[in-house]
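Chemist: Here you go, one structure.
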Amino acid sequence: MQTIFDRRTIDEKLEESFERRGVGHRSHAGAKSCGRRLDLELTSGGTAVLEKFHMVENGKPVEMTTLYYLDGEQIKLTHYCMAGNQPTMRGSYAPETKTITFDLVSISNLKAPGDGHMHHAVYTFIDSDHFKATWTFQKEQKDAFTEDVTYVRRK
């Protein structure tokens, strides 16, 4: 597994896989996909990707934001969660499986170690129009649930 990215690899991955305005939700394991949408856009002069996930929960619209960026040659993300905390994760790219695996390195606004938070994420790039995201939520320092979502580009 490749831990450090060169600038060209990151730029290619961002452009090929994340630079998708209006990416539509295709499927969501165990839940209705109705009302779910993911919007992605390059921001900050092309140095970061801003993701906005929109859904309706209990009849109310909810938005979560994730920012993907390079820290030196290392890809990272910070997820602004509806749980009220902000985990930062470091990614490792495995070219043979076309996946980026993100693991928690720090978290803001976690009141107690057992509080719920996103702890791990895996992005699998299926083709130029599809990618799969698997997020793992931890509570009481154990995996509580996994969200498995496949996205398709809206044309």
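Identifiers for the structure tokens are assigned positionally: chains receive A, B, ... in sequence, residues are indexed from 1 per chain, and ligands are indexed from 1 in the order shown.
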Give me, as an NGL selection string, all polymer residues having an atom no more than 9 Å from His117 of chain A, counting only C-alpha atoms and skipping those fewer than 2 positions away in the same chain.

Modeler: :A and (81 or 83-87 or 107 or 110 or 114-115 or 119 or 136-139)

Chemist: Could you name the residues that touch segment 74-79 of chain A at 7 Å or less, counting only C-alpha atoms, but leaving out those on the same chain fewer than 5 positions away, as a PyMOL selection string?

Modeler: chain A and resi 4-5+65-69+86-91

Chemist: Which one of A:Val49, A:Glu96, A:Val56, A:Gly116 sits closest to Arg37 of chain A if you count only C-alpha atoms?

Modeler: A:Val56

Chemist: Identify which of the residues A:Ala112, A:Val62, A:Val122, A:Ala133 lies closest to Arg36 of chain A, counting only C-alpha atoms when measuring atom-to-atom distances.

Modeler: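 Result for the nearest residue to Arg36 of chain A: A:Val62.
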
Chemist: What does the distance from atom CA of Lys132 of chain A to atom CA of Lys52 of chain A come to in Å, to one decimal?

Modeler: 15.7 Å

Chemist: Which residue out of A:Tyr93, A:Asp39, A:His120, A:His130 has the minimum interatomic distance to Ser106 of chain A when only C-alpha atoms are used?

Modeler: A:His120

Chemist: Point out the residue among A:Tyr123, A:Asp129, A:Lys111, A:Glu63 with the least atom-to-atom distance to Val149 of chain A, counting only C-alpha atoms.

Modeler: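 For Val149 of chain A, the nearest of the candidates is A:Tyr123.
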
Chemist: Which of these residues is nearest to Ser108 of chain A, using only C-alpha atoms: A:Pro61, A:Tyr80, A:Leu50, A:Pro95?

Modeler: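 Closest residue, counting only C-alpha atoms: A:Tyr80.
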
Chemist: Please report the interatomic distance between atom CA of Leu70 of chain A and atom CA of Thr43 of chain A in Å with one decimal.

Modeler: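 So the two atoms, atom CA of Leu70 of chain A and atom CA of Thr43 of chain A, lie 12.6 Å apart.
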
Chemist: What gap, in Å, lies between atom CA of Ala121 of chain A and atom CA of Gly72 of chain A?

Modeler: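 Taking atom CA of Ala121 of chain A and atom CA of Gly72 of chain A, their separation equals 20.5 Å.
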